[in-house]
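Below is the file data.txt, which contains compact mmCIF, C-alpha atoms.
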```txt
# COMPACT_ATOMS: atom_id res chain seq x y z
CA MET A 1 52.84 35.36 -200.22
CA LYS A 2 50.91 32.84 -198.12
CA ALA A 3 48.18 32.38 -200.75
CA ALA A 4 50.68 31.26 -203.39
CA ASP A 5 52.35 28.83 -201.00
CA PHE A 6 48.95 27.40 -200.03
CA ILE A 7 47.98 26.80 -203.68
CA ARG A 8 51.30 25.07 -204.36
CA GLU A 9 50.73 22.83 -201.35
CA GLN A 10 47.18 21.96 -202.41
CA THR A 11 48.00 21.29 -206.07
CA GLY A 12 51.58 20.07 -206.04
CA ILE A 13 52.28 22.48 -208.90
CA GLU A 14 55.03 25.08 -208.51
CA THR A 15 54.21 27.35 -211.46
CA PHE A 16 51.27 27.83 -213.81
CA ASP A 17 51.39 28.84 -217.47
CA VAL A 18 48.00 30.55 -217.75
CA ALA A 19 45.43 32.22 -215.51
CA ILE A 20 41.85 32.93 -216.55
CA VAL A 21 39.37 35.08 -214.64
CA GLY A 22 35.70 34.26 -215.18
CA GLY A 23 33.07 37.00 -215.43
CA SER A 24 29.38 36.81 -214.48
CA GLY A 25 28.04 33.36 -215.32
CA ILE A 26 31.20 32.34 -217.18
CA SER A 27 32.62 28.91 -216.33
CA LEU A 28 35.12 26.43 -217.79
CA GLY A 29 33.54 23.41 -216.12
CA ASN A 30 34.77 21.14 -213.36
CA SER A 31 38.33 20.22 -212.50
CA ALA A 32 40.15 17.69 -210.37
CA THR A 33 41.16 20.40 -207.90
CA GLU A 34 38.76 23.10 -206.72
CA ILE A 35 39.71 25.46 -203.90
CA PRO A 36 37.13 27.84 -202.40
CA TYR A 37 38.45 31.38 -202.09
CA SER A 38 37.48 31.24 -198.41
CA LEU A 39 40.29 28.71 -197.79
CA ILE A 40 43.02 30.71 -199.53
CA PRO A 41 44.94 32.87 -197.03
CA GLY A 42 44.15 36.56 -197.39
CA MET A 43 41.94 36.16 -200.46
CA PRO A 44 38.72 38.21 -200.58
CA GLU A 45 35.41 36.50 -201.40
CA PRO A 46 32.99 37.64 -204.16
CA TYR A 47 29.67 39.22 -203.25
CA VAL A 48 28.13 39.19 -206.73
CA PRO A 49 25.66 36.50 -207.96
CA GLY A 50 27.25 34.45 -210.74
CA HIS A 51 30.70 34.66 -209.11
CA SER A 52 31.05 31.42 -207.16
CA GLY A 53 34.40 32.18 -205.53
CA VAL A 54 36.18 28.95 -206.46
CA LEU A 55 39.69 28.53 -207.87
CA LYS A 56 39.83 25.64 -210.32
CA VAL A 57 43.03 24.01 -211.47
CA LEU A 58 42.84 22.75 -215.05
CA THR A 59 45.15 21.24 -217.63
CA ILE A 60 44.70 22.54 -221.18
CA GLY A 61 46.93 20.75 -223.64
CA THR A 62 49.98 20.29 -221.45
CA LYS A 63 49.60 23.60 -219.65
CA PRO A 64 48.63 23.93 -215.97
CA VAL A 65 45.93 26.61 -215.82
CA LEU A 66 44.34 28.58 -212.98
CA PHE A 67 40.68 29.45 -213.46
CA PHE A 68 39.33 32.02 -211.02
CA GLU A 69 35.56 31.53 -210.99
CA GLY A 70 34.65 34.93 -209.60
CA ARG A 71 36.31 38.34 -209.38
CA PHE A 72 36.16 41.58 -207.38
CA HIS A 73 34.64 44.87 -208.57
CA TYR A 74 35.09 48.45 -207.48
CA TYR A 75 31.31 48.84 -207.23
CA GLU A 76 31.36 46.34 -204.35
CA GLY A 77 33.36 48.88 -202.37
CA ARG A 78 36.63 47.04 -202.97
CA THR A 79 40.00 48.59 -202.28
CA ASP A 80 42.81 48.75 -204.84
CA ALA A 81 44.59 46.01 -202.87
CA GLU A 82 41.59 43.68 -203.30
CA ILE A 83 41.46 44.38 -207.04
CA LEU A 84 45.19 43.67 -207.26
CA PHE A 85 44.96 40.38 -205.34
CA ILE A 86 44.32 37.99 -208.25
CA PRO A 87 46.90 39.51 -210.67
CA TYR A 88 49.49 39.66 -207.86
CA LEU A 89 48.79 36.03 -206.90
CA CYS A 90 49.21 35.04 -210.57
CA LYS A 91 52.58 36.77 -210.67
CA LYS A 92 53.71 34.91 -207.55
CA LEU A 93 52.65 31.60 -209.16
CA GLY A 94 54.70 32.26 -212.30
CA VAL A 95 51.77 32.86 -214.67
CA LYS A 96 52.96 33.84 -218.14
CA ILE A 97 49.57 34.55 -219.81
CA PHE A 98 46.67 36.32 -218.09
CA ILE A 99 43.17 36.16 -219.62
CA PRO A 100 40.39 38.05 -217.82
CA THR A 101 36.92 37.45 -219.25
CA CYS A 102 33.70 39.33 -218.67
CA SER A 103 30.09 39.68 -219.65
CA SER A 104 29.37 43.00 -221.32
CA GLY A 105 26.67 45.13 -222.86
CA ALA A 106 26.91 45.53 -226.63
CA VAL A 107 27.14 49.16 -227.75
CA SER A 108 28.13 48.77 -231.40
CA ARG A 109 26.22 46.62 -233.88
CA LYS A 110 29.45 44.68 -234.43
CA ALA A 111 29.44 43.61 -230.78
CA ALA A 112 25.69 42.97 -230.72
CA ASN A 113 26.07 40.44 -233.53
CA CYS A 114 29.07 38.45 -232.28
CA ASP A 115 29.44 35.57 -229.82
CA VAL A 116 32.80 36.59 -228.36
CA GLY A 117 34.63 39.90 -228.31
CA ILE A 118 38.44 39.82 -228.36
CA ILE A 119 39.35 42.97 -226.44
CA THR A 120 42.24 44.80 -228.05
CA ASP A 121 41.75 48.26 -226.50
CA HIS A 122 39.81 49.94 -223.73
CA ILE A 123 38.47 53.21 -222.36
CA ASN A 124 38.70 53.50 -218.57
CA LEU A 125 35.74 55.56 -217.36
CA MET A 126 35.78 54.19 -213.81
CA GLY A 127 37.64 57.08 -212.28
CA ARG A 128 39.70 54.41 -210.50
CA ASN A 129 43.07 52.81 -211.17
CA PRO A 130 44.56 49.99 -209.05
CA LEU A 131 48.05 51.48 -209.42
CA THR A 132 47.09 54.64 -207.54
CA GLY A 133 49.55 55.32 -204.74
CA LEU A 134 52.04 52.64 -205.75
CA ILE A 135 54.51 55.25 -207.00
CA LYS A 136 55.73 55.58 -203.40
CA ASN A 137 57.15 52.05 -203.57
CA TYR A 138 57.63 51.44 -207.30
CA GLY A 139 58.55 54.84 -208.73
CA ALA A 140 58.31 55.26 -212.51
CA LYS A 141 57.29 51.62 -212.97
CA VAL A 142 53.66 52.71 -212.45
CA PHE A 143 53.67 54.58 -215.78
CA VAL A 144 52.69 51.52 -217.81
CA ASN A 145 52.13 52.01 -221.54
CA GLY A 146 48.41 51.74 -222.31
CA LYS A 147 49.08 51.17 -226.00
CA GLU A 148 50.65 47.81 -225.13
CA PHE A 149 48.06 46.48 -222.67
CA TYR A 150 46.69 43.81 -225.03
CA SER A 151 48.98 41.26 -226.67
CA GLU A 152 48.77 41.39 -230.46
CA ARG A 153 50.17 37.85 -230.58
CA LEU A 154 47.38 36.47 -228.41
CA ALA A 155 44.66 38.51 -230.13
CA LYS A 156 45.74 37.09 -233.49
CA ALA A 157 45.78 33.53 -232.09
CA PHE A 158 42.26 33.82 -230.67
CA LEU A 159 40.88 35.39 -233.83
CA GLU A 160 42.42 32.68 -236.04
CA THR A 161 41.07 29.99 -233.69
CA SER A 162 37.56 31.49 -233.78
CA LEU A 163 37.59 31.35 -237.59
CA LYS A 164 38.70 27.72 -237.45
CA LEU A 165 35.89 26.82 -235.03
CA GLY A 166 33.18 28.86 -236.74
CA ILE A 167 32.65 31.05 -233.68
CA LYS A 168 31.60 34.63 -234.42
CA ALA A 169 34.36 36.70 -232.83
CA GLU A 170 35.31 40.34 -233.34
CA LYS A 171 38.08 42.61 -232.12
CA VAL A 172 36.42 45.11 -229.77
CA THR A 173 37.13 48.14 -227.63
CA LEU A 174 35.78 47.79 -224.08
CA ALA A 175 34.58 50.74 -222.03
CA ALA A 176 34.86 50.20 -218.28
CA VAL A 177 32.39 52.02 -216.02
CA LEU A 178 32.14 51.95 -212.24
CA GLY A 179 28.55 50.66 -211.99
CA PRO A 180 26.61 49.06 -210.49
CA ASN A 181 23.71 50.59 -212.42
CA TYR A 182 23.28 49.90 -216.13
CA GLU A 183 23.75 52.79 -218.53
CA THR A 184 21.28 55.53 -219.41
CA PHE A 185 20.41 56.20 -223.05
CA ALA A 186 22.57 59.33 -222.97
CA GLU A 187 25.51 57.35 -221.61
CA ILE A 188 25.10 54.75 -224.33
CA ARG A 189 25.17 57.47 -226.98
CA MET A 190 28.32 58.88 -225.36
CA LEU A 191 29.99 55.46 -225.40
CA GLU A 192 29.15 55.05 -229.07
CA VAL A 193 30.66 58.45 -229.89
CA LEU A 194 33.79 57.56 -227.90
CA GLY A 195 34.27 54.44 -230.01
CA ALA A 196 33.37 51.74 -227.49
CA ASP A 197 31.98 48.46 -228.79
CA CYS A 198 31.13 46.98 -225.38
CA VAL A 199 30.70 48.21 -221.83
CA SER A 200 31.49 46.39 -218.60
CA MET A 201 32.08 47.05 -214.89
CA SER A 202 35.26 44.97 -214.67
CA THR A 203 38.33 43.58 -216.46
CA VAL A 204 40.13 46.86 -217.18
CA PRO A 205 41.60 47.21 -213.65
CA GLU A 206 42.92 43.63 -213.86
CA VAL A 207 44.44 44.30 -217.29
CA ILE A 208 46.22 47.38 -215.93
CA ALA A 209 47.49 45.42 -212.92
CA ALA A 210 48.71 42.46 -214.99
CA ASN A 211 50.64 44.73 -217.32
CA PHE A 212 52.20 46.51 -214.36
CA LEU A 213 53.34 43.09 -213.14
CA GLY A 214 54.78 42.19 -216.55
CA ILE A 215 52.33 39.43 -217.51
CA GLU A 216 51.29 39.04 -221.17
CA THR A 217 47.57 39.78 -221.34
CA ILE A 218 44.55 39.41 -223.58
CA ALA A 219 40.92 39.84 -222.51
CA LEU A 220 37.74 38.26 -223.84
CA THR A 221 34.13 39.33 -223.45
CA VAL A 222 30.74 37.77 -224.05
CA PRO A 223 28.25 40.45 -225.14
CA VAL A 224 25.14 39.34 -223.26
CA ASN A 225 22.72 42.20 -223.80
CA ASP A 226 22.07 44.93 -226.32
CA THR A 227 22.40 48.22 -224.44
CA LEU A 228 19.77 49.82 -226.68
CA LYS A 229 17.08 47.47 -225.37
CA LEU A 230 14.95 49.01 -222.64
CA LYS A 231 15.01 46.21 -220.06
CA THR A 232 18.20 44.69 -218.66
CA ASN A 233 18.75 42.90 -215.36
CA HIS A 234 21.54 40.89 -213.76
CA GLU A 235 19.59 37.61 -213.88
CA GLU A 236 19.25 37.92 -217.66
CA VAL A 237 22.94 38.77 -218.00
CA VAL A 238 23.98 35.67 -216.03
CA LYS A 239 21.57 33.43 -217.96
CA VAL A 240 22.87 34.53 -221.38
CA ALA A 241 26.49 34.38 -220.19
CA GLU A 242 26.01 30.79 -219.06
CA ARG A 243 24.59 29.89 -222.47
CA LYS A 244 27.41 31.59 -224.39
CA SER A 245 30.17 30.44 -222.06
CA SER A 246 30.34 27.08 -223.83
CA LEU A 247 31.51 28.88 -226.98
CA LEU A 248 34.00 30.94 -224.99
CA SER A 249 35.25 27.79 -223.28
CA GLU A 250 35.67 26.02 -226.62
CA LEU A 251 37.62 28.99 -227.99
CA ILE A 252 39.92 29.23 -224.97
CA VAL A 253 40.67 25.50 -224.84
CA GLU A 254 41.43 25.25 -228.57
CA ALA A 255 43.58 28.41 -228.62
CA LEU A 256 45.59 27.49 -225.53
CA SER A 257 46.14 23.95 -226.80
CA ASN A 258 47.96 25.37 -229.82
CA PHE A 259 50.14 28.01 -228.13
```

Would you mind writing the file out in structure tokens?
Amino acid sequence: MKAADFIREQTGIETFDVAIVGGSGISLGNSATEIPYSLIPGMPEPYVPGHSGVLKVLTIGTKPVLFFEGRFHYYEGRTDAEILFIPYLCKKLGVKIFIPTCSSGAVSRKAANCDVGIITDHINLMGRNPLTGLIKNYGAKVFVNGKEFYSERLAKAFLETSLKLGIKAEKVTLAAVLGPNYETFAEIRMLEVLGADCVSMSTVPEVIAANFLGIETIALTVPVNDTLKLKTNHEEVVKVAERKSSLLSELIVEALSNF
């Protein structure tokens, strides 16, 4: 894969321990090496405000970490291959732990009152799956076990770290919808009945892809708006996500330093 070779050439690092994908407005700060997506061979570029399209190379503890500042969404008109690009690139670069993050709307009161949601389950309402059609080349490997998508080991580590840091974190179930519109009141009531704590337009496809590729995965979300409030817009979502991202960053750095 040309993209993987290019990143190795630019960084001088053969393999990376961890990869993190940043959601809307979520950042882990600056790094010594920053590579625009536009320079990486074959890599798509984000269209969405709040997704800068820069790959940052960080060191957390002693671990080399990839931070993808920007992702790709089905609502942009993306193909399955574009959604698969980041997880596949991570696999080629030897990533052992994959951590997609996202901004989300809080459905449950538990989510509305926390700073960070540790995603331990999901409901895929997108009507899309990035593994569609891969059975022709991979056979039964596409039948990944949804009950094992989220690492219990990593969920426990992040929860224990949040308690240590005094960050309000909760285990949550994420509902993934196609978007790009925000939910109607009837849809919010449906999500509540289904048992969703948060709702987002991303993350779940990447989690499915990473598990298919055999990478240990946990996902984190920053609930940035209460879905029961009448007015919500993307600018507000990005603004709140930027404010809360410092807590998410602190949690990630501390947890990864102790793995």

note - CA of Leu55 in chain A and CA of Thr217 in chain A are separated by 19.2 Å

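Candidate residues A:Ala255, A:Val172, A:Val199, A:Leu134 were compared for distance to Ile118 in chain A, and the nearest is A:Val172, using all atoms listed in the file.
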
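Shortest atom-to-atom contact with Thr227 in chain A among A:Val48, A:Ala186, A:Cys90, A:Leu178: A:Ala186, counting all atoms listed in the file.
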
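The space between CA of Gly195 in chain A and CA of Leu256 in chain A spans 29.6 Å.
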
A:Ile218, A:Leu191, A:Val224, A:Val21 ranked by distance to Ser108 in chain A, top pick (using only C-alpha atoms) = A:Leu191

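Closest to Val177 in chain A among A:Pro223, A:Gly214, A:Gly12, A:Gly105 is A:Gly105, based on only C-alpha atoms.
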
Please report, as AutoDock Vina command-line options, the centre and edge lengths in Å to one decimal of an axis-aligned box covering all listed atoms of range 133-147 of chain A with 5 Å per side.
```
--center_x 53.5 --center_y 53.4 --center_z -214.7 --size_x 20.1 --size_y 14.4 --size_z 32.6
```
